[in-house]
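Q: First, the structure itself, so that you have it in front of you.
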Amino acid sequence: MSGHAHAQGDGPEVYFQYEDIDQQQESYVVGMWAFLMTEVMFFGALFLIYTLYRWKFHDTFFLAHEQLNWKMGGLNTAVLLFSSVMVAFAVHFAQKGKKTAQLICLGMTLMCAFGFLVIKSFEYGAKGDHKLYPNYTFEYGAHDKDHKVESWWDDNLPAFMHIEKKEQHGDPKNAKLFYSIYFTMTGLHGLHVVIGIIAITSLMVLIIIKSPLITDYVPTELVGLYWHFVDLVWIFLYPLFYLIPR
Amino acid sequence: MAGHDHSELTKGGAHPHHVLPQGMIFLIAGGLFAGMAATIGAAFMIPEPLHSNTFFMQSLALAIAIFKACLVVYFYMGVKFGTRLVKIFAYGGFIWFFTLFIMMADYTSRPMEPVPGWETVPSSALPRNTVEDPE
């Protein structure tokens with residue numbers, strides 16, 4: 001590679017535009033934060049939309065949210081928090097130069113990410129069977145609580161994850177709005193989880209093949225920053241969608 | 001780095017960067033899971049009449065969420081130990097986020113809709129039905 005001012009022993013090289021390795025590494029982290037700021041703006045607009053409609057149609061939003069399974073949402077919260085802890089350990093071990101421990105932590109994070117998506121697919125699947133997708137199939141208020149809706153996703157849930165079935169009350173138009181926002185925000189969050197899976201998998205492969213791209217802990221820290229942000233979004237999504245007060 | 005009791009150097013030692021100690025990672029994890037338990041507990045176990053107070057319950061849930069978010073941003077994302085430039089970018093994003101909600105002032109203070117016939121127009125603007133239809 002051209003343009004390297006000097007190398008830092010067995011550490012990363014310092015490129016010509018930087019004064020030293022500290023400045024170079026700071027620029028990587030600042031770049032990642034600049035990207036995360038755009039993510040804050042992206043999700044910020046969605047949170048504003050949620051706030052606005054929740055304020056306008058609070059009663060129906062409360063009634064519609066009772067169809068969501070707060071236990072599954074809670075389990076997903078626990079899974080994501082645990083994955084964040086694992087990423088923090090991965091960065092810790094990367095800084096200490098302990099590659100095996102780092103890879104184990106990243107692998108655990110990856111498993112949590114897949115676990116999150118599996119739980120989410122059970123939620124989404126059941127919502128589809130209950131005709132709560134906000135499209136032409138949407139039917140709200142058609143079933144009372146004794147009406148059994150056949151759903152493979154519900155039937156295959158562990159017993160402790162079942163919640164008491166509630167009747168569907170409230171204005172169907174506003175309930176559809178609630179589910180539109182719910183699927184948009186949790187869907188986009190799920191997309192970020194998928195991107196996180198790709199990033200973590202790529203990082204692990206690069207570490208395993210001893211790629212020259214990975215010369216220090218900074219790539220792990222950058223992937224970690226992204227994953228913590230994914231966790232951060234869910235920290236707010238969970239109480240706002242699954243635990244709406246009356 | 002100077003000023004941090006738990007400072008350690010990254011491997012090689014030539015360029016010191018803060019390493020979050022394992023004990024601190026466990027401590028923050030405890031705080032996060034306690035926050036999660038508090039969120040669920042508050043939603044179901046707060047007695048009346050507080051439980052019926054929407055503003056109180058929502059404020060409490062958001063306060064716990066903000067506490068958890070601060071733990072993640074401050075410690076796990078390393079803002080506490082970051083340089084000033086990193087802090088400017090990190091705080092800037094979240095300050096912008098809260099500034100965005102100033103927009104709510106518009107919705108609370110200007111009852112512009114519904115205009116007559118808004119509900120019959122497909123893909124209309126927001127149904128801000130806060131004022132009586134003049135007809």
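The chains in the structure tokens are called A, B, ... from first to last as shown; in each chain the residues are counted from 1, and the ligands are counted from 1 in the order shown.
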Just need the residues of chain B within 8 Å of chain A, counting only C-alpha atoms, so spit them out as a ChimeraX atom specification.

A: /B:10-12,15,19-22,25-26,29,32-33,36,39-40,43,51-54,57-58,61-62,65,68-69,72-73,76-77,83,85-86,89-90,92-94,96-97,100-101,104,128

Q: Deliver the residues from the most recent selection as a file, using C-alpha atoms, as an mmCIF file, in the first residue's frame.

A:
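For reference, again-v4.cif as written:
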data_model
loop_
_atom_site.group_PDB
_atom_site.id
_atom_site.type_symbol
_atom_site.label_atom_id
_atom_site.label_comp_id
_atom_site.auth_asym_id
_atom_site.auth_seq_id
_atom_site.Cartn_x
_atom_site.Cartn_y
_atom_site.Cartn_z
ATOM 1 C CA THR B 10 -4.419 -2.142 24.964
ATOM 2 C CA LYS B 11 -2.032 -4.897 23.949
ATOM 3 C CA GLY B 12 1.298 -3.471 22.829
ATOM 4 C CA HIS B 15 -1.056 3.736 22.315
ATOM 5 C CA VAL B 19 -10.307 -0.915 28.232
ATOM 6 C CA LEU B 20 -13.604 -1.439 30.037
ATOM 7 C CA PRO B 21 -12.789 -3.874 32.872
ATOM 8 C CA GLN B 22 -14.717 -7.146 33.042
ATOM 9 C CA ILE B 25 -19.097 -4.924 32.007
ATOM 10 C CA PHE B 26 -20.880 -7.264 34.456
ATOM 11 C CA ALA B 29 -25.144 -5.774 32.448
ATOM 12 C CA LEU B 32 -29.498 -3.247 32.118
ATOM 13 C CA PHE B 33 -31.288 -6.418 33.197
ATOM 14 C CA MET B 36 -35.649 -4.492 31.989
ATOM 15 C CA THR B 39 -39.886 -1.853 33.017
ATOM 16 C CA ILE B 40 -42.009 -5.021 33.026
ATOM 17 C CA ALA B 43 -46.172 -2.048 33.732
ATOM 18 C CA HIS B 51 -51.481 2.632 37.291
ATOM 19 C CA SER B 52 -54.313 4.522 35.636
ATOM 20 C CA ASN B 53 -52.233 7.656 35.311
ATOM 21 C CA THR B 54 -51.073 7.398 31.693
ATOM 22 C CA MET B 57 -46.750 5.321 33.693
ATOM 23 C CA GLN B 58 -45.378 6.423 30.317
ATOM 24 C CA ALA B 61 -41.243 3.563 31.349
ATOM 25 C CA LEU B 62 -39.357 6.163 29.305
ATOM 26 C CA ALA B 65 -35.465 3.276 28.991
ATOM 27 C CA LYS B 68 -30.670 1.924 30.168
ATOM 28 C CA ALA B 69 -29.755 3.865 27.031
ATOM 29 C CA VAL B 72 -25.171 1.547 26.923
ATOM 30 C CA VAL B 73 -24.027 4.817 25.323
ATOM 31 C CA TYR B 76 -20.529 0.052 26.356
ATOM 32 C CA MET B 77 -20.254 2.512 23.458
ATOM 33 C CA THR B 83 -12.221 12.094 22.982
ATOM 34 C CA LEU B 85 -14.609 15.039 19.133
ATOM 35 C CA VAL B 86 -16.293 11.670 19.689
ATOM 36 C CA PHE B 89 -20.715 13.605 17.518
ATOM 37 C CA ALA B 90 -22.335 11.250 20.008
ATOM 38 C CA GLY B 92 -25.040 15.829 18.830
ATOM 39 C CA GLY B 93 -27.108 12.946 17.499
ATOM 40 C CA PHE B 94 -29.154 12.552 20.650
ATOM 41 C CA TRP B 96 -30.934 16.448 17.594
ATOM 42 C CA PHE B 97 -33.309 13.627 18.442
ATOM 43 C CA LEU B 100 -36.958 17.008 16.682
ATOM 44 C CA PHE B 101 -39.812 16.792 19.157
ATOM 45 C CA MET B 104 -44.921 18.592 18.403
ATOM 46 C CA ARG B 128 -56.163 16.090 13.096
#

Q: Compile the contact shell of stretch 147-162 of chain A as an MDAnalysis selection string: residues with an atom at most 6 Å away, counting only C-alpha atoms, same-chain residues fewer than 5 positions apart removed.

A: chainID A and resid 71 122 125:126 129

Q: Show me, as a list in words, the residues that have an atom within 10 Å of stretch 130-140 of chain A when counting only C-alpha atoms, minus same-chain residues fewer than 5 positions from it.

A: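 Residues near the query, excluding close chain neighbours: Ala64, Gln67, Tyr124, Gly125, Lys148, Val149, Glu150, Ser151, Glu167, Gln168, His169, Gly170, Asp171, Pro172, Lys173, Ala175, Lys176, Leu177, Phe178, Tyr179, Ser180, Ile181, Tyr182 and Phe183 of chain A.
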
Q: What is the distance between atom CA of A:His192 and atom CA of B:Lys80, in Å to one decimal?

A: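 We find that atom CA of A:His192 and atom CA of B:Lys80 lie 25.1 Å from each other.
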
Q: Quick one: pull the distance between atom CA of B:Phe56 and atom CA of B:Asp106, Å, one decimal.

A: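 Between atom CA of B:Phe56 and atom CA of B:Asp106 the gap is 23.6 Å.
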
Q: Work out how far atom CA of A:Cys112 is from atom CA of A:Ser83, in Å to one decimal.

A: 5.8 Å
